[in-house]
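One structure is given below, encoded as structure tokens.
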Amino acid sequence: MRLYKHRAASVATGTLAALGLAACGTTDVASSGQDRVIPEVAISIQSAFGPAGFDSVSVRAPLEVRITATDNAALYTAVTRVFADTVLIKTDSTVLSGSKSLDKVIDISLAGVRSGQQVAVLTTVSDGAGNGANAQALATAFDPNVPRLAFIDPAATVITGGTYTFRLSAVDTTGLMKVGFRATGAGLNRADSTLFFEPLPDADTVTFQIAIAADATPGTTFNIAPFAENRDALRGAGVTIPVRIIAAGPDQLSPLVFQTVAPRLETPDSITITARDADGQVRVVGFIARDQAGNLLHRAADTLTVPVQEVTRSKAFNAPISLRGKSMFITAYAIDVAGRIGYGVPQGASVPVSEEVQGKRDLAVYAFGLTYALPAGSLGADIAVDTARSAVYVSNINKNQLEAWSYSATLSRLPTVAVGAMPWGMTIDNSGSLLFVANSGGTNVSKVNLLDRVEQGRVKTANEYVFDVTYSKDDASGGFKFSVAPPIDYSDRPQYIAQSASGALYYSTRPTSTATPGTLRRIDNYLDARTEPRQIWQYGAFREGKYVILNADHVDVIKGQNGTPDLIVICEHTPGDEPSTAVCVQNMTVEGAVAQLSSAPTNGNLEAVKDLSVESLALQDTNFVAIGGDRRRVAFGEANSGNRAGRVMLVYDPNGTPAGAEQYSRPLEIVDLTSNASDKVFGIDINNNSTNIGVHGVETFFADSSLRLQGKFATFNTGAGIAFHPLNIDEFTADTLARVAFVASGDFSIQIVDTYSYRLRGRIPLRTNLYGPLRAVLPTAAEQGADANLVVKLFGLTPEGIVVIDVRRGDIDNARTP
């Protein structure tokens, strides 16, 4: 929305005449009577704002114009005229009856207005005493169905024998198919274009060059008319620019240099350098990186094969890895054929700078890691690292597939693996040959063979109901009175997943629009197709007067007459059979009914828990699942808990534990670790021997296997995952370099925290914040053989893709370790 407000004369008489409006009565006029107060008038137009150069209004939708005016006494008339260039397309007149104010909205059709025309709105108001005022609003029309084009900082001249370089910015809502130009005049008749292929970009910038003959006539001009076509073959034309050819003359000026430097750079990232020599040709382009004291850290330059008058080049940063983590000031430069040097200047500057100290200095941080993009339209959800085969997988929730790479010093693409709908969490099984993938868009878990990298079947996550039963003592009969609420259907779509040493699968479920709350579940034996999940309830809160009955088919009450107790009815089927085969029992107590069913042939997953709050079982959003290195313990972390603290729970389930004998810890609320009662869990991990758990909340907390707080470190209260060093076994870790955890923080870094002394051991700057899991593995044998200082490889997810980070000994401050 744009607002224009004027009390003094706002439009010159000459401008009004050019727009076809009579000059008489359009400037602000004060009467000769007693009322000499000029009215106030303002215009606002609803505009569509695009990229630079496309500030405009759409011709495909009515233009909404709002006129507001006030006067000290009484307004008399308001006249609004709308022009497309100089053509009047709309007039609106209002006669007011003594009102002191006006607030009017006018819808104006722009049908017939061409893209690129200037739309002008002029409003004149007058009061009863003859005082007048006017206002003006301007915009440029565009057609959203055709591409829009703009030159980016074009030069007005080019020398004979030089090369005219220019850039075109194009935007289209359906996707660009082609961008090009036609140049005519001064002996030129040339056209060129660039084609785009799927996926077609919505916006792009293209660079073109036009060689000027050495015998071209100085003083002549040629015109460049740009165009673009979209997916529907609709063509848009940009504004034509003239370019004047001038004599080369002596080369006395330094090149004019512009630079674009990202604030955080990975090794292969580039610095964009544009150099233009007004009276010569550029031979070298490069950049210099210095520290705060001015010491040279790194420099790089390219010598052009053929010198040109203007060049735009993306120069790879490619600084030595020993400089990672450092802040540095970067200045671009260019050298022309006469040996004159020009240094970077701010955008919009027109005078070259020939001294480095006067050049533009952009501060940049040399970030750790290498980022590899996911396919267009992807969203990575989880990471699994197959260390046996040096492969890493990312679940692509938008593509229903796994992205795969082999890893060593770099990542190499492997074929994708098709899985189920919306794959989210992943875990490698105890044998190391199978990858479980939680398909959160369905009710199943994919089993991916890691040797062949293909899906070889699915585990179904059958639905289970929860019944909330209220009980009270009936003094008249000595029994109980019951009431049963409608069954609760928690989501059964798996989200995060882990496998314990016993072989059981533990997973959280993703809330959906039909089953809003999520929950936690366990599958005892995924190899048995008849197996059914069991609801995990041990994280719930106490509530007297309640039973929560889990995994039953049906629960009901037979009401007793006065003086007679109620009978509770519970129905359950044999796991794997159809629910129609369910056996129903009735008893005066819940415990008695459960005992009857336990002795029946069904012997299903039925559980009844007394004095449990069913409301506390509902999980509203992401719920993390982590596994220890030895798989003896599984951890759950509640990420989005509304305005209360998130909960953390551990399950002890070592090898040989029979189904139902696993041990659950009491649920730990993060408020137990900090005074912040609304703290959430941003990440959770367990160390190598399942003795220590790390929880990333408002700070990073470390607890033992009984969930007793051992220490904490003040990391950022936002961020993503946490990962222990693969060899971390807490205070017994022999190698002090491994006595650390890596915490993804919200300040574009990973912090390395000592898990025994709870202090910062190092900090890893990143190009982009992580948003999801963080995984830590040991380097391959080949990597360690090539670089003995390489100790850990980290994998994380950013909106740009998967990032792999090599951590070396020097990145962990071993010198300060006691």
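Chain labels run A, B, ... following the order of the structure tokens; each chain numbers its residues from 1, and ligands are numbered from 1 in the order shown.
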
- Query: Can you list, as a PyMOL selection string, every residue of region 306-369 of chain A that DSSP puts in helix (DSSP H, G or I)?
  - Reply: chain A and resi 321-323+356-358

Writing out the chosen residues with N, CA, C and O atoms as a tab-separated table (two decimals), in the first residue's frame:
```
chain	number	residue	atom	x	y	z
A	321	ILE	N	41.66	-24.66	4.35
A	321	ILE	CA	40.81	-25.07	5.46
A	321	ILE	C	41.37	-24.64	6.81
A	321	ILE	O	40.64	-24.60	7.80
A	322	SER	N	42.64	-24.31	6.86
A	322	SER	CA	43.22	-23.84	8.12
A	322	SER	C	42.62	-22.51	8.56
A	322	SER	O	42.74	-22.13	9.72
A	323	LEU	N	41.96	-21.81	7.64
A	323	LEU	CA	41.35	-20.53	7.97
A	323	LEU	C	39.89	-20.67	8.38
A	323	LEU	O	39.24	-19.68	8.70
A	356	GLU	N	43.64	0.30	-2.42
A	356	GLU	CA	42.92	-0.75	-1.69
A	356	GLU	C	42.32	-0.23	-0.40
A	356	GLU	O	41.21	-0.65	-0.01
A	357	VAL	N	43.01	0.67	0.29
A	357	VAL	CA	42.51	1.17	1.57
A	357	VAL	C	41.19	1.91	1.40
A	357	VAL	O	40.44	2.10	2.36
A	358	GLN	N	40.91	2.39	0.19
A	358	GLN	CA	39.66	3.08	-0.07
A	358	GLN	C	38.56	2.14	-0.60
A	358	GLN	O	37.42	2.55	-0.79
```

- Task: Compile the contact shell of region 522-527 of chain A as a ChimeraX atom specification: residues with an atom at most 9 Å away, counting only C-alpha atoms, same-chain residues fewer than 2 positions apart removed.
- Result: /A:459-461,502-508,520,529-536,658-660

- Task: Would you mind listing what lies within 9 Å of region 798-812 of chain A as a ChimeraX atom specification, with only C-alpha atoms counted and same-chain residues fewer than 4 positions away left out?
- Result: /A:368-375,378-380,383,394,409-411,737,740,752,761-764,768-772,779,787-794

Output the selection as a CSV table (one decimal), in the first residue's frame - N, CA and C atoms for each residue.
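Here's the written file out-v6.csv:
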```
chain,number,residue,atom,x,y,z
A,368,PHE,N,32.4,-23.7,8.3
A,368,PHE,CA,32.7,-25.1,8.1
A,368,PHE,C,31.7,-25.8,7.2
A,369,GLY,N,32.1,-26.9,6.7
A,369,GLY,CA,31.2,-27.8,6.0
A,369,GLY,C,31.1,-27.5,4.5
A,370,LEU,N,30.5,-28.5,3.8
A,370,LEU,CA,30.1,-28.5,2.4
A,370,LEU,C,28.7,-28.9,2.3
A,371,THR,N,27.9,-28.0,1.6
A,371,THR,CA,26.5,-28.2,1.5
A,371,THR,C,26.2,-28.8,0.1
A,372,TYR,N,25.4,-29.9,0.1
A,372,TYR,CA,25.0,-30.5,-1.2
A,372,TYR,C,23.4,-30.4,-1.3
A,373,ALA,N,23.0,-29.8,-2.4
A,373,ALA,CA,21.6,-29.5,-2.5
A,373,ALA,C,20.7,-30.7,-2.7
A,374,LEU,N,19.5,-30.7,-2.2
A,374,LEU,CA,18.5,-31.7,-2.5
A,374,LEU,C,17.8,-31.3,-3.8
A,375,PRO,N,17.1,-32.2,-4.5
A,375,PRO,CA,16.4,-31.9,-5.7
A,375,PRO,C,15.4,-30.7,-5.4
A,378,SER,N,12.3,-30.2,-2.6
A,378,SER,CA,12.5,-31.2,-1.6
A,378,SER,C,12.4,-30.6,-0.2
A,379,LEU,N,12.2,-31.5,0.8
A,379,LEU,CA,12.3,-31.1,2.2
A,379,LEU,C,12.8,-32.3,2.9
A,380,GLY,N,14.1,-32.2,3.4
A,380,GLY,CA,14.7,-33.2,4.1
A,380,GLY,C,14.1,-33.3,5.5
A,383,ILE,N,18.2,-37.9,8.9
A,383,ILE,CA,19.5,-38.4,8.3
A,383,ILE,C,19.8,-39.7,9.0
A,394,VAL,N,19.0,-39.2,3.4
A,394,VAL,CA,18.1,-38.2,3.8
A,394,VAL,C,16.7,-38.6,3.4
A,409,ALA,N,35.9,-37.8,1.5
A,409,ALA,CA,36.3,-36.4,1.6
A,409,ALA,C,35.2,-35.6,1.0
A,410,THR,N,34.4,-36.1,0.1
A,410,THR,CA,33.2,-35.4,-0.4
A,410,THR,C,32.0,-36.4,-0.5
A,411,LEU,N,30.9,-35.9,-0.9
A,411,LEU,CA,29.7,-36.7,-1.1
A,411,LEU,C,29.6,-37.0,-2.6
A,737,LEU,N,39.4,-35.9,23.5
A,737,LEU,CA,38.8,-35.3,22.4
A,737,LEU,C,37.4,-35.9,22.1
A,740,VAL,N,32.9,-35.1,24.3
A,740,VAL,CA,32.2,-33.9,23.9
A,740,VAL,C,30.9,-34.3,23.3
A,752,ILE,N,30.7,-27.1,20.5
A,752,ILE,CA,31.3,-28.3,21.0
A,752,ILE,C,31.4,-28.2,22.5
A,761,ARG,N,34.3,-26.3,24.3
A,761,ARG,CA,35.6,-26.8,23.8
A,761,ARG,C,35.9,-26.3,22.4
A,762,GLY,N,34.9,-25.8,21.7
A,762,GLY,CA,35.1,-25.3,20.4
A,762,GLY,C,33.8,-24.8,19.8
A,763,ARG,N,33.9,-24.1,18.7
A,763,ARG,CA,32.7,-23.6,18.0
A,763,ARG,C,32.9,-23.7,16.5
A,764,ILE,N,31.9,-24.2,15.8
A,764,ILE,CA,31.9,-24.5,14.4
A,764,ILE,C,31.0,-23.5,13.7
A,768,THR,N,24.5,-21.7,7.2
A,768,THR,CA,23.1,-21.6,7.4
A,768,THR,C,22.8,-22.4,8.7
A,769,ASN,N,21.8,-21.9,9.4
A,769,ASN,CA,21.3,-22.7,10.6
A,769,ASN,C,20.8,-24.0,10.2
A,770,LEU,N,21.1,-25.0,11.1
A,770,LEU,CA,20.5,-26.3,10.9
A,770,LEU,C,19.0,-26.3,11.4
A,771,TYR,N,18.2,-27.1,10.8
A,771,TYR,CA,16.8,-27.1,11.3
A,771,TYR,C,16.4,-28.5,11.7
A,772,GLY,N,17.1,-29.5,11.5
A,772,GLY,CA,16.7,-30.9,11.8
A,772,GLY,C,17.7,-31.6,12.6
A,779,PRO,N,35.3,-40.9,10.9
A,779,PRO,CA,35.7,-40.8,9.5
A,779,PRO,C,36.0,-42.2,9.0
A,787,ASP,N,44.4,-38.0,6.5
A,787,ASP,CA,44.4,-36.9,7.4
A,787,ASP,C,44.3,-37.4,8.8
A,788,ALA,N,45.4,-37.5,9.5
A,788,ALA,CA,45.4,-38.1,10.9
A,788,ALA,C,44.7,-37.2,11.8
A,789,ASN,N,44.5,-35.9,11.5
A,789,ASN,CA,43.9,-34.9,12.4
A,789,ASN,C,42.4,-35.0,12.3
A,790,LEU,N,41.8,-35.7,11.3
A,790,LEU,CA,40.4,-35.8,11.2
A,790,LEU,C,39.8,-36.7,12.2
A,791,VAL,N,38.9,-36.2,13.0
A,791,VAL,CA,38.4,-37.1,14.1
A,791,VAL,C,36.9,-37.4,14.1
A,792,VAL,N,36.1,-36.5,13.5
A,792,VAL,CA,34.6,-36.7,13.5
A,792,VAL,C,34.1,-36.2,12.2
A,793,LYS,N,33.0,-36.8,11.6
A,793,LYS,CA,32.3,-36.2,10.5
A,793,LYS,C,30.8,-36.0,11.1
A,794,LEU,N,30.4,-34.8,10.8
A,794,LEU,CA,29.0,-34.4,11.2
A,794,LEU,C,28.1,-34.2,9.9
```

- Of the candidates A:Ser500, A:Gln401, A:Thr173, A:Ser446, which shows the shortest atom-to-atom distance to Gly628 (chain A), using only C-alpha atoms?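 Closest to Gly628 (chain A), using only C-alpha atoms: A:Ser500.
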
- Message: Show me, as a VMD selection string, the residues that have an atom within 9 Å of Ser706 (chain A) when counting only C-alpha atoms, minus same-chain residues fewer than 5 positions from it.
- Response: chain A and resid 650 665 to 666 691

- Item | Spatial neighbours of region 418-429 of chain A, max dist 6 Å, only C-alpha atoms, sep filter under 3 positions, as a PyMOL selection string | chain A and resi 381-382+395+397+400-401+432+434-442+495-498

- Task: Write out as a PyMOL selection string the residues lying within 8 Å of Val614 (chain A), counting only C-alpha atoms and excluding same-chain residues fewer than 5 positions away.
- Result: chain A and resi 468+540+548

Store the residues of this selection in a file with N, CA and C atoms, as an mmCIF file, in the first residue's frame.
```
data_model
loop_
_atom_site.group_PDB
_atom_site.id
_atom_site.type_symbol
_atom_site.label_atom_id
_atom_site.label_comp_id
_atom_site.auth_asym_id
_atom_site.auth_seq_id
_atom_site.Cartn_x
_atom_site.Cartn_y
_atom_site.Cartn_z
ATOM 1 N N ASP A 468 -10.956 -43.603 28.112
ATOM 2 C CA ASP A 468 -10.854 -42.846 29.355
ATOM 3 C C ASP A 468 -12.046 -43.236 30.241
ATOM 4 N N GLY A 540 2.857 -40.261 31.085
ATOM 5 C CA GLY A 540 1.651 -39.539 31.472
ATOM 6 C C GLY A 540 1.680 -39.041 32.910
ATOM 7 N N VAL A 548 -7.130 -45.493 32.451
ATOM 8 C CA VAL A 548 -6.900 -45.393 31.009
ATOM 9 C C VAL A 548 -6.693 -46.812 30.504
#
```
